Amino acid sequence: MQFSHSDAMWQAFPELRAGALHAEGIHADADVEAGIADFSAIAEARLAKAQEGEFPEIQAWRRGFSRMGLKPTQYRCASEALLRRFRQEHALPRLHPLDLCNAISLAFAIPIAVFDVEKIAGDLEVRRARGDETYLTFGGDVEHPEPNDVIFADAKERAHARRWTNRQSGLSAVRATTRSVLIVAEALHASAGDDIARLVETVADALARHWPAAPKTAMLSLASPRFEFRGFEAHDA
């Protein structure tokens with residue numbers, strides 16, 4: 001299997017910096033509370049100085065959403081949505097130990113997507129939608145992304161995320177049975193290259209600490225846009 005961004009995405013967003021990880025041996029019994037507390041404290045300290053809308057990481061995504069034709073205060077990147085909720089509630093919901101990635105996203109203010117590899121058919125590509133792809137909501141409804149929506153599309157024309165970093169699909173969401181994950185982080189701000197590299201290293205270390213995983217990692221660019229990893233045959237939803 002491979003993960004990539006289309007050439008058109010790199011050309012439209014040359015400032016994009018992305019990192020990807022693949023890990024196996026995932027289970028739902030890991031105790032990650034100490035790690036979540038540490039990363040949450042980093043976010044708390046930063047939010048004490050400024051609201052998330054003032055962070056350069058978030059401002060860059062807002063500009064990116066505007067370029068996609070979306071109102072950035074109506075559709076927020078995942079890290080902004082997490083930070084906003086965290087600022088209001090000082091906590092995030094716990095559904096699976098891989099919620100640790102949400103805490104890391106808070107600390108870096110960078111969107112992190114976590115996909116159950118067994119639910120992905122073939123390769124996964126970030127590209128513009130045609131409009132005939134299917135997207136499964138967390139409520140179980142099937143939608144069709146609008147043409148030119150930025151989606152994570154697999155070989156069965158299923159969208160595993162819509163509006164780029166705004167909303168993942170319920171199809172490949174992490175669950176108790178998840179064994180293998182693809183983790184993707186993307187950023188558009190000026191220091192994105194260095195920050196994504198640190199984030200990938202941080203996630204890889206966290207995975208290795210809590211699971212019998214030796215994550216495979218990659219930094220993606222226009223010159224090296226593909227991440228090859230071992231996958232599974234996708235199950236039907």
# chains A, B, ... in the order shown; residues from 1 in each chain; ligands from 1

call {"tool": "residues_around", "arguments": {"residues": "region 133-146 of chain A", "least_positions_apart": "6", "cutoff": "10 Å", "atoms": "only C-alpha atoms", "output": "VMD selection string"}}
result
chain A and resid 152 to 154 156 to 163 167 to 173 237

call {"tool": "write_last_selection", "arguments": {"atoms": "N, CA and C atoms", "output": "compact mmCIF listing (two decimals), in the first residue's frame"}}
result
# COMPACT_ATOMS: atom_id res chain seq x y z
N PHE A 152 -9.32 12.20 1.22
CA PHE A 152 -8.37 11.09 1.27
C PHE A 152 -9.10 9.92 0.60
N ALA A 153 -8.76 9.60 -0.64
CA ALA A 153 -9.51 8.61 -1.42
C ALA A 153 -8.75 7.30 -1.55
N ASP A 154 -9.48 6.18 -1.39
CA ASP A 154 -8.85 4.88 -1.57
C ASP A 154 -9.23 4.28 -2.92
N LYS A 156 -11.30 2.05 -3.75
CA LYS A 156 -12.73 1.81 -3.95
C LYS A 156 -13.51 3.12 -4.02
N GLU A 157 -12.81 4.23 -4.22
CA GLU A 157 -13.43 5.55 -4.35
C GLU A 157 -14.20 5.94 -3.08
N ARG A 158 -13.64 5.54 -1.95
CA ARG A 158 -14.23 5.92 -0.66
C ARG A 158 -13.38 7.03 -0.05
N ALA A 159 -14.05 8.05 0.44
CA ALA A 159 -13.35 9.19 1.05
C ALA A 159 -13.18 8.93 2.54
N HIS A 160 -11.93 8.86 2.99
CA HIS A 160 -11.65 8.61 4.40
C HIS A 160 -11.48 9.92 5.19
N ALA A 161 -11.55 11.04 4.50
CA ALA A 161 -11.60 12.35 5.14
C ALA A 161 -12.16 13.33 4.12
N ARG A 162 -12.85 14.35 4.61
CA ARG A 162 -13.40 15.40 3.76
C ARG A 162 -12.82 16.74 4.17
N ARG A 163 -12.87 17.67 3.22
CA ARG A 163 -12.36 19.04 3.46
C ARG A 163 -10.95 18.96 4.04
N ARG A 167 -12.52 16.77 8.56
CA ARG A 167 -13.37 15.71 9.10
C ARG A 167 -12.99 14.35 8.54
N GLN A 168 -12.67 13.40 9.44
CA GLN A 168 -12.39 12.03 9.01
C GLN A 168 -13.69 11.26 8.84
N SER A 169 -13.58 10.09 8.23
CA SER A 169 -14.72 9.22 8.00
C SER A 169 -14.89 8.25 9.16
N GLY A 170 -16.14 7.84 9.37
CA GLY A 170 -16.39 6.82 10.37
C GLY A 170 -15.91 5.45 9.92
N LEU A 171 -15.68 5.28 8.62
CA LEU A 171 -15.29 3.98 8.09
C LEU A 171 -13.97 3.49 8.65
N SER A 172 -12.97 4.35 8.63
CA SER A 172 -11.62 3.93 9.05
C SER A 172 -11.22 4.51 10.40
N ALA A 173 -12.20 4.93 11.19
CA ALA A 173 -11.90 5.43 12.53
C ALA A 173 -11.33 4.31 13.39
N ALA A 237 -17.36 -2.39 4.80
CA ALA A 237 -17.97 -1.78 5.98
C ALA A 237 -19.34 -2.40 6.22

call {"tool": "residues_around", "arguments": {"residues": "Asp116 (chain A)", "least_positions_apart": "3", "cutoff": "7 Å", "atoms": "only C-alpha atoms", "output": "PyMOL selection string"}}
result
chain A and resi 119+172-174+178+180-182

call {"tool": "write_last_selection", "arguments": {"atoms": "all heavy atoms", "output": "tab-separated table (two decimals), in the first residue's frame"}}
result
chain	number	residue	atom	x	y	z
A	119	LYS	N	-9.29	-0.94	7.02
A	119	LYS	CA	-10.50	-0.40	6.40
A	119	LYS	C	-10.20	0.40	5.13
A	119	LYS	O	-11.10	0.98	4.53
A	119	LYS	CB	-11.23	0.51	7.40
A	119	LYS	CG	-11.69	-0.21	8.66
A	119	LYS	CD	-12.70	-1.30	8.35
A	119	LYS	CE	-13.19	-1.98	9.63
A	119	LYS	NZ	-14.18	-3.03	9.35
A	172	SER	N	-12.97	4.35	8.63
A	172	SER	CA	-11.62	3.93	9.05
A	172	SER	C	-11.22	4.51	10.40
A	172	SER	O	-10.03	4.58	10.72
A	172	SER	CB	-10.60	4.33	7.98
A	172	SER	OG	-10.73	5.70	7.63
A	173	ALA	N	-12.20	4.93	11.19
A	173	ALA	CA	-11.90	5.43	12.53
A	173	ALA	C	-11.33	4.31	13.39
A	173	ALA	O	-11.69	3.14	13.24
A	173	ALA	CB	-13.16	6.00	13.17
A	174	VAL	N	-10.44	4.68	14.29
A	174	VAL	CA	-9.84	3.70	15.19
A	174	VAL	C	-10.90	3.15	16.14
A	174	VAL	O	-11.74	3.88	16.66
A	174	VAL	CB	-8.69	4.36	15.98
A	174	VAL	CG1	-8.20	3.43	17.08
A	174	VAL	CG2	-7.55	4.72	15.04
A	178	THR	N	-8.84	-2.36	16.16
A	178	THR	CA	-7.78	-1.85	15.28
A	178	THR	C	-6.44	-2.48	15.63
A	178	THR	O	-6.03	-2.50	16.79
A	178	THR	CB	-7.69	-0.32	15.39
A	178	THR	OG1	-8.90	0.26	14.92
A	178	THR	CG2	-6.52	0.22	14.58
A	180	SER	N	-3.66	-2.13	13.01
A	180	SER	CA	-2.66	-1.49	12.16
A	180	SER	C	-3.16	-0.09	11.80
A	180	SER	O	-4.32	0.07	11.40
A	180	SER	CB	-2.46	-2.33	10.89
A	180	SER	OG	-1.62	-1.69	9.96
A	181	VAL	N	-2.29	0.91	11.94
A	181	VAL	CA	-2.73	2.29	11.70
A	181	VAL	C	-1.78	3.03	10.77
A	181	VAL	O	-0.57	2.79	10.76
A	181	VAL	CB	-2.86	3.10	13.01
A	181	VAL	CG1	-4.01	2.58	13.86
A	181	VAL	CG2	-1.56	3.12	13.80
A	182	LEU	N	-2.37	3.90	9.98
A	182	LEU	CA	-1.63	4.91	9.21
A	182	LEU	C	-1.91	6.24	9.88
A	182	LEU	O	-3.07	6.62	10.08
A	182	LEU	CB	-2.11	4.93	7.77
A	182	LEU	CG	-1.60	6.11	6.92
A	182	LEU	CD1	-0.10	5.98	6.68
A	182	LEU	CD2	-2.35	6.18	5.58

call {"tool": "closest_residue", "arguments": {"among": "A:Thr217, A:Asn102, A:Asn148, A:Ser191", "to": "Leu70 (chain A)", "atoms": "only C-alpha atoms"}}
result
A:Asn148

call {"tool": "closest_residue", "arguments": {"among": "A:Asp149, A:Asp132, A:Asp29, A:Glu186", "to": "Ile112 (chain A)", "atoms": "only C-alpha atoms"}}
result
A:Glu186

call {"tool": "atom_distance", "arguments": {"atom1": "CA of Arg76 (chain A)", "atom2": "CA of Gln59 (chain A)"}}
result
10.5 Å

call {"tool": "residues_around", "arguments": {"residues": "Pro97 (chain A)", "least_positions_apart": "6", "cutoff": "12 Å", "atoms": "only C-alpha atoms", "output": "list in words"}}
result
Ile26, His27, Ala28, Asp29, Ala30, Asp31, Val32, Glu33, Ala34, Gly35, Ile36, Ala103, Val114, Val174, Arg175, Ala176, Thr178, Ala206, Leu207, His210 and Trp211 of chain A

call {"tool": "write_last_selection", "arguments": {"atoms": "N, CA, C and O atoms", "output": "JSON list (two decimals), in the first residue's frame"}}
result
[["chain", "number", "residue", "atom", "x", "y", "z"],
["A", 26, "ILE", "N", -1.09, -2.68, 17.29],
["A", 26, "ILE", "CA", -1.91, -1.78, 18.11],
["A", 26, "ILE", "C", -2.97, -2.59, 18.86],
["A", 26, "ILE", "O", -3.54, -3.55, 18.34],
["A", 27, "HIS", "N", -3.24, -2.20, 20.10],
["A", 27, "HIS", "CA", -4.33, -2.79, 20.87],
["A", 27, "HIS", "C", -4.92, -1.70, 21.76],
["A", 27, "HIS", "O", -4.37, -0.60, 21.88],
["A", 28, "ALA", "N", -6.05, -2.02, 22.38],
["A", 28, "ALA", "CA", -6.79, -1.00, 23.12],
["A", 28, "ALA", "C", -6.51, -1.03, 24.63],
["A", 28, "ALA", "O", -7.25, -0.41, 25.40],
["A", 29, "ASP", "N", -5.46, -1.73, 25.05],
["A", 29, "ASP", "CA", -5.20, -1.88, 26.49],
["A", 29, "ASP", "C", -4.07, -1.00, 27.00],
["A", 29, "ASP", "O", -3.73, -1.07, 28.19],
["A", 30, "ALA", "N", -3.48, -0.18, 26.16],
["A", 30, "ALA", "CA", -2.34, 0.64, 26.58],
["A", 30, "ALA", "C", -2.79, 1.74, 27.54],
["A", 30, "ALA", "O", -3.88, 2.31, 27.41],
["A", 31, "ASP", "N", -1.94, 2.03, 28.50],
["A", 31, "ASP", "CA", -2.19, 3.12, 29.46],
["A", 31, "ASP", "C", -1.41, 4.35, 29.00],
["A", 31, "ASP", "O", -0.18, 4.40, 29.15],
["A", 32, "VAL", "N", -2.11, 5.32, 28.45],
["A", 32, "VAL", "CA", -1.45, 6.50, 27.87],
["A", 32, "VAL", "C", -1.76, 7.77, 28.65],
["A", 32, "VAL", "O", -1.46, 8.87, 28.19],
["A", 33, "GLU", "N", -2.34, 7.65, 29.84],
["A", 33, "GLU", "CA", -2.80, 8.83, 30.56],
["A", 33, "GLU", "C", -1.66, 9.80, 30.90],
["A", 33, "GLU", "O", -1.83, 11.01, 30.83],
["A", 34, "ALA", "N", -0.50, 9.27, 31.26],
["A", 34, "ALA", "CA", 0.62, 10.15, 31.60],
["A", 34, "ALA", "C", 1.05, 10.95, 30.39],
["A", 34, "ALA", "O", 1.32, 12.17, 30.48],
["A", 35, "GLY", "N", 1.10, 10.30, 29.23],
["A", 35, "GLY", "CA", 1.47, 11.00, 28.01],
["A", 35, "GLY", "C", 0.45, 12.05, 27.63],
["A", 35, "GLY", "O", 0.81, 13.17, 27.25],
["A", 36, "ILE", "N", -0.83, 11.71, 27.73],
["A", 36, "ILE", "CA", -1.87, 12.68, 27.42],
["A", 36, "ILE", "C", -1.76, 13.89, 28.34],
["A", 36, "ILE", "O", -1.90, 15.04, 27.90],
["A", 103, "ALA", "N", -3.77, 14.40, 21.74],
["A", 103, "ALA", "CA", -3.02, 15.21, 22.68],
["A", 103, "ALA", "C", -1.75, 15.77, 22.03],
["A", 103, "ALA", "O", -1.37, 16.92, 22.27],
["A", 114, "VAL", "N", -5.57, 9.61, 12.08],
["A", 114, "VAL", "CA", -5.22, 8.22, 12.38],
["A", 114, "VAL", "C", -6.25, 7.32, 11.70],
["A", 114, "VAL", "O", -7.44, 7.42, 11.99],
["A", 174, "VAL", "N", -10.44, 4.68, 14.29],
["A", 174, "VAL", "CA", -9.84, 3.70, 15.19],
["A", 174, "VAL", "C", -10.90, 3.15, 16.14],
["A", 174, "VAL", "O", -11.74, 3.88, 16.66],
["A", 175, "ARG", "N", -10.85, 1.84, 16.35],
["A", 175, "ARG", "CA", -11.80, 1.17, 17.25],
["A", 175, "ARG", "C", -11.05, 0.10, 18.04],
["A", 175, "ARG", "O", -9.85, -0.10, 17.84],
["A", 176, "ALA", "N", -11.75, -0.59, 18.92],
["A", 176, "ALA", "CA", -11.10, -1.55, 19.80],
["A", 176, "ALA", "C", -10.40, -2.67, 19.03],
["A", 176, "ALA", "O", -9.42, -3.25, 19.51],
["A", 178, "THR", "N", -8.84, -2.36, 16.16],
["A", 178, "THR", "CA", -7.78, -1.85, 15.28],
["A", 178, "THR", "C", -6.44, -2.48, 15.63],
["A", 178, "THR", "O", -6.03, -2.50, 16.79],
["A", 206, "ALA", "N", 6.18, 7.79, 21.00],
["A", 206, "ALA", "CA", 5.02, 7.46, 21.82],
["A", 206, "ALA", "C", 4.46, 6.09, 21.46],
["A", 206, "ALA", "O", 4.08, 5.30, 22.35],
["A", 207, "LEU", "N", 4.40, 5.78, 20.17],
["A", 207, "LEU", "CA", 3.92, 4.45, 19.75],
["A", 207, "LEU", "C", 4.82, 3.34, 20.28],
["A", 207, "LEU", "O", 4.35, 2.33, 20.79],
["A", 210, "HIS", "N", 4.29, 2.58, 24.02],
["A", 210, "HIS", "CA", 3.03, 2.03, 24.52],
["A", 210, "HIS", "C", 2.55, 0.79, 23.79],
["A", 210, "HIS", "O", 1.64, 0.11, 24.26],
["A", 211, "TRP", "N", 3.13, 0.47, 22.64],
["A", 211, "TRP", "CA", 2.71, -0.70, 21.87],
["A", 211, "TRP", "C", 3.96, -1.43, 21.37],
["A", 211, "TRP", "O", 5.02, -0.81, 21.22]]
